[in-house]
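Text of the file final-v3.txt, holding compact mmCIF, C-alpha atoms:
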# COMPACT_ATOMS: atom_id res chain seq x y z
CA MET H 129 3.49 -11.66 14.22
CA LYS H 130 5.07 -8.23 13.78
CA LYS H 131 7.02 -6.89 10.83
CA THR H 132 9.00 -3.66 10.86
CA GLY H 133 9.49 -0.82 8.44
CA SER H 134 11.59 2.21 9.29
CA ALA H 135 12.38 5.67 8.01
CA VAL H 136 14.99 8.29 8.82
CA TRP H 137 14.81 11.94 7.81
CA SER H 138 17.12 14.93 8.00
CA GLY H 139 16.53 18.53 7.02
CA GLY H 140 13.41 20.55 6.34
CA LEU H 141 10.23 19.37 4.69
CA LYS H 142 11.05 20.58 1.18
CA ASP H 143 14.86 20.43 1.20
CA GLY H 144 15.33 17.41 3.45
CA LYS H 145 15.78 13.82 2.51
CA GLY H 146 14.86 10.50 3.98
CA PHE H 147 15.54 6.81 3.63
CA ILE H 148 13.12 3.88 3.95
CA SER H 149 14.11 0.37 5.06
CA THR H 150 12.36 -2.88 5.92
CA GLN H 151 13.18 -5.58 8.44
CA SER H 152 13.65 -8.16 5.68
CA GLY H 153 16.11 -5.98 3.80
CA ALA H 154 13.90 -5.92 0.71
CA LEU H 155 14.10 -2.14 1.05
CA ASP H 156 17.41 -0.90 2.39
CA ASN H 157 17.88 2.85 2.69
CA ILE H 158 15.70 3.66 -0.30
CA PRO H 159 15.68 7.47 -0.72
CA TYR H 160 12.52 9.54 -0.62
CA GLY H 161 11.71 13.21 -0.28
CA PHE H 162 9.24 16.01 -0.85
CA ASN H 163 9.95 16.05 -4.58
CA THR H 164 9.31 12.31 -4.99
CA ARG H 165 6.08 12.56 -3.05
CA PHE H 166 4.50 15.82 -4.15
CA GLU H 167 6.29 16.81 -7.36
CA ASP H 168 6.27 13.54 -9.35
CA LYS H 169 10.05 13.30 -9.38
CA PRO H 170 11.62 9.83 -9.69
CA GLY H 171 11.99 7.99 -6.40
CA SER H 172 9.87 6.36 -3.75
CA ASN H 173 7.16 7.72 -1.50
CA PRO H 174 4.81 6.37 1.18
CA GLU H 175 1.80 6.22 -1.14
CA GLU H 176 3.46 3.95 -3.69
CA LEU H 177 4.63 1.69 -0.87
CA ILE H 178 1.07 1.51 0.47
CA GLY H 179 -0.10 0.74 -3.07
CA ALA H 180 2.41 -2.07 -3.49
CA ALA H 181 1.54 -3.49 -0.07
CA HIS H 182 -2.19 -3.31 -0.79
CA ALA H 183 -1.82 -4.92 -4.22
CA ALA H 184 0.32 -7.73 -2.79
CA CYS H 185 -1.97 -8.35 0.18
CA PHE H 186 -5.16 -8.32 -1.90
CA THR H 187 -3.67 -10.64 -4.52
CA MET H 188 -2.59 -13.16 -1.88
CA ALA H 189 -6.01 -12.95 -0.23
CA LEU H 190 -7.67 -13.58 -3.59
CA SER H 191 -5.51 -16.63 -4.14
CA GLY H 192 -6.76 -17.95 -0.81
CA GLN H 193 -10.38 -17.22 -1.67
CA LEU H 194 -10.01 -18.96 -5.02
CA GLY H 195 -8.48 -21.98 -3.29
CA GLU H 196 -11.50 -22.19 -0.99
CA ALA H 197 -13.66 -22.25 -4.14
CA GLY H 198 -11.57 -25.10 -5.57
CA LEU H 199 -9.86 -22.86 -8.12
CA ARG H 200 -6.24 -22.03 -8.83
CA ALA H 201 -5.18 -18.94 -10.76
CA SER H 202 -2.58 -19.20 -13.47
CA ALA H 203 -2.03 -15.44 -13.22
CA LEU H 204 -3.27 -12.60 -11.00
CA LYS H 205 -2.05 -9.04 -11.62
CA THR H 206 -3.19 -6.24 -9.34
CA THR H 207 -2.43 -2.53 -9.44
CA ALA H 208 -3.38 -0.28 -6.52
CA ASP H 209 -3.75 3.42 -7.33
CA VAL H 210 -3.44 5.43 -4.10
CA THR H 211 -4.89 8.94 -4.16
CA LEU H 212 -3.29 11.60 -1.96
CA GLU H 213 -5.20 14.88 -1.82
CA LYS H 214 -4.84 18.16 -0.02
CA ILE H 215 -7.88 18.77 2.14
CA ASP H 216 -7.99 22.11 3.91
CA ASP H 217 -4.46 22.55 5.29
CA SER H 218 -3.28 18.92 5.32
CA TYR H 219 -2.97 15.89 3.11
CA ALA H 220 -4.99 12.69 3.27
CA ILE H 221 -5.12 9.40 1.43
CA THR H 222 -8.65 9.62 0.12
CA ALA H 223 -8.93 6.49 -2.01
CA VAL H 224 -7.30 3.32 -3.17
CA HIS H 225 -8.48 1.79 -6.43
CA LEU H 226 -7.56 -1.83 -7.11
CA THR H 227 -7.38 -3.00 -10.72
CA LEU H 228 -7.16 -6.75 -11.19
CA THR H 229 -6.53 -8.84 -14.28
CA ALA H 230 -6.89 -12.57 -13.73
CA SER H 231 -6.52 -15.82 -15.58
CA ILE H 232 -8.31 -18.59 -13.68
CA PRO H 233 -9.07 -21.81 -15.54
CA GLY H 234 -12.62 -23.04 -14.87
CA ALA H 235 -13.79 -19.91 -13.04
CA THR H 236 -17.16 -18.36 -13.73
CA ASP H 237 -17.50 -14.60 -13.49
CA ALA H 238 -19.87 -14.93 -10.51
CA VAL H 239 -17.42 -17.05 -8.51
CA PHE H 240 -14.52 -14.78 -9.52
CA GLN H 241 -16.36 -11.58 -8.52
CA ASP H 242 -17.39 -13.10 -5.18
CA ALA H 243 -13.83 -14.21 -4.44
CA ALA H 244 -12.46 -10.78 -5.42
CA LEU H 245 -14.96 -8.99 -3.16
CA ARG H 246 -14.16 -11.30 -0.24
CA ALA H 247 -10.44 -10.72 -0.81
CA LYS H 248 -10.91 -6.94 -0.90
CA LEU H 249 -12.88 -7.00 2.37
CA GLY H 250 -10.64 -9.55 4.10
CA CYS H 251 -7.22 -8.30 3.09
CA PRO H 252 -5.37 -7.01 6.18
CA VAL H 253 -4.12 -3.94 4.29
CA SER H 254 -7.70 -3.08 3.28
CA LYS H 255 -8.61 -3.30 6.95
CA LEU H 256 -5.59 -1.16 7.87
CA LEU H 257 -7.08 1.82 6.11
CA ALA H 258 -9.67 2.00 8.91
CA THR H 259 -7.57 0.80 11.84
CA GLN H 260 -6.48 2.22 15.16
CA VAL H 261 -3.03 3.77 15.12
CA THR H 262 -1.07 4.02 18.37
CA LEU H 263 2.05 6.02 19.08
CA ASP H 264 4.86 5.84 21.59
CA ALA H 265 7.09 8.88 21.03
CA HIS H 266 10.45 9.53 22.69
CA LEU H 267 12.62 12.62 22.38
CA GLU H 268 16.35 12.03 22.68

Before anything else, please render the file you have as structure tokens.
Amino acid sequence: MKKTGSAVWSGGLKDGKGFISTQSGALDNIPYGFNTRFEDKPGSNPEELIGAAHAACFTMALSGQLGEAGLRASALKTTADVTLEKIDDSYAITAVHLTLTASIPGATDAVFQDAALRAKLGCPVSKLLATQVTLDAHLE
């Protein structure tokens, strides 16, 4: 299975602008730019999209882990805080912190913690943060 996200950009780094879209149309030409990424201006940026994807993936994975333990959550709420830092002369995502609040009837803390750890380790987005990235670049 493959899913597609895309971005277009025009202009310079600081004065340019870009638009983000997804294959499903859930995001369709959503604007982003230097100011929304590095200056805390309103708008989208890659880090918040990674955070949303990680939170969604982890929460789904946790639901699966709970199901394997015979449990069903009535509510799972996850926030992913993505840290972008300048290191030497470039930027890097240095951390993602997941915060989870759960309501799971019949769950013990030990079973819940085990399921949450398994979900964190098994979530495809968690694995992405240490994955191989390939590139096929074409100049028109």

Distance query 8 Å from (10.5, 17.5, -0.5) using all atoms listed in the file, result as number ranges by chain: H: 141-145, 161-166

Nearest residue to Gln193 of chain H from the set H:Ala208, H:Ala247, H:Met129, H:Ala258 (distances using only C-alpha atoms):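 When distances to Gln193 of chain H are compared using only C-alpha atoms, the smallest one comes from H:Ala247.
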
Please, what is the axis-aligned box for every listed atom of segment 171-177 of chain H with 6 Å on each side, as centre and edge lengths in Å to one decimal, as lines of an AutoDock Vina configuration file?
center_x = 6.9
center_y = 4.8
center_z = -2.6
size_x = 22.2
size_y = 18.3
size_z = 19.6

Using only C-alpha atoms, find the one residue out of H:Ser254, H:Ile215, H:Pro159, H:Asp209 that sits nearest to Ala180 of chain H. H:Asp209

Name all residues at most 10 Å from segment 200-202 of chain H (count all atoms listed in the file; drop same-chain ones fewer than 3 positions away) and give them as a PDB file with C-alpha atoms, keeping the file's coordinate frame.
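Result saved to part.pdb:
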ATOM      1  CA  LEU H 190      -7.670 -13.580  -3.590  1.00  0.00           C
ATOM      2  CA  SER H 191      -5.510 -16.630  -4.140  1.00  0.00           C
ATOM      3  CA  GLY H 192      -6.760 -17.950  -0.810  1.00  0.00           C
ATOM      4  CA  GLN H 193     -10.380 -17.220  -1.670  1.00  0.00           C
ATOM      5  CA  LEU H 194     -10.010 -18.960  -5.020  1.00  0.00           C
ATOM      6  CA  GLY H 195      -8.480 -21.980  -3.290  1.00  0.00           C
ATOM      7  CA  GLU H 196     -11.500 -22.190  -0.990  1.00  0.00           C
ATOM      8  CA  ALA H 197     -13.660 -22.250  -4.140  1.00  0.00           C
ATOM      9  CA  ALA H 230      -6.890 -12.570 -13.730  1.00  0.00           C
ATOM     10  CA  SER H 231      -6.520 -15.820 -15.580  1.00  0.00           C
ATOM     11  CA  ILE H 232      -8.310 -18.590 -13.680  1.00  0.00           C
ATOM     12  CA  PRO H 233      -9.070 -21.810 -15.540  1.00  0.00           C
ATOM     13  CA  GLY H 234     -12.620 -23.040 -14.870  1.00  0.00           C
ATOM     14  CA  ALA H 235     -13.790 -19.910 -13.040  1.00  0.00           C
TER      15      ALA H 235
END

When you count all atoms listed in the file, which of these residues is closest to Val239 of chain H: H:Ile158, H:Leu199, H:Ser138, H:Pro174?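 Using all atoms listed in the file, the shortest distance to Val239 of chain H belongs to H:Leu199.
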
Among H:Asp264, H:Glu175, H:Tyr160, H:Leu204, Ala220 of chain H is approached most closely, using all atoms listed in the file, by H:Glu175

Counting all atoms listed in the file, which of H:Ser149, H:Ser218, H:Thr229, H:Thr187 gets nearest to Ser172 of chain H?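 Nearest candidate to Ser172 of chain H out of H:Ser149, H:Ser218, H:Thr229, H:Thr187: H:Ser149.
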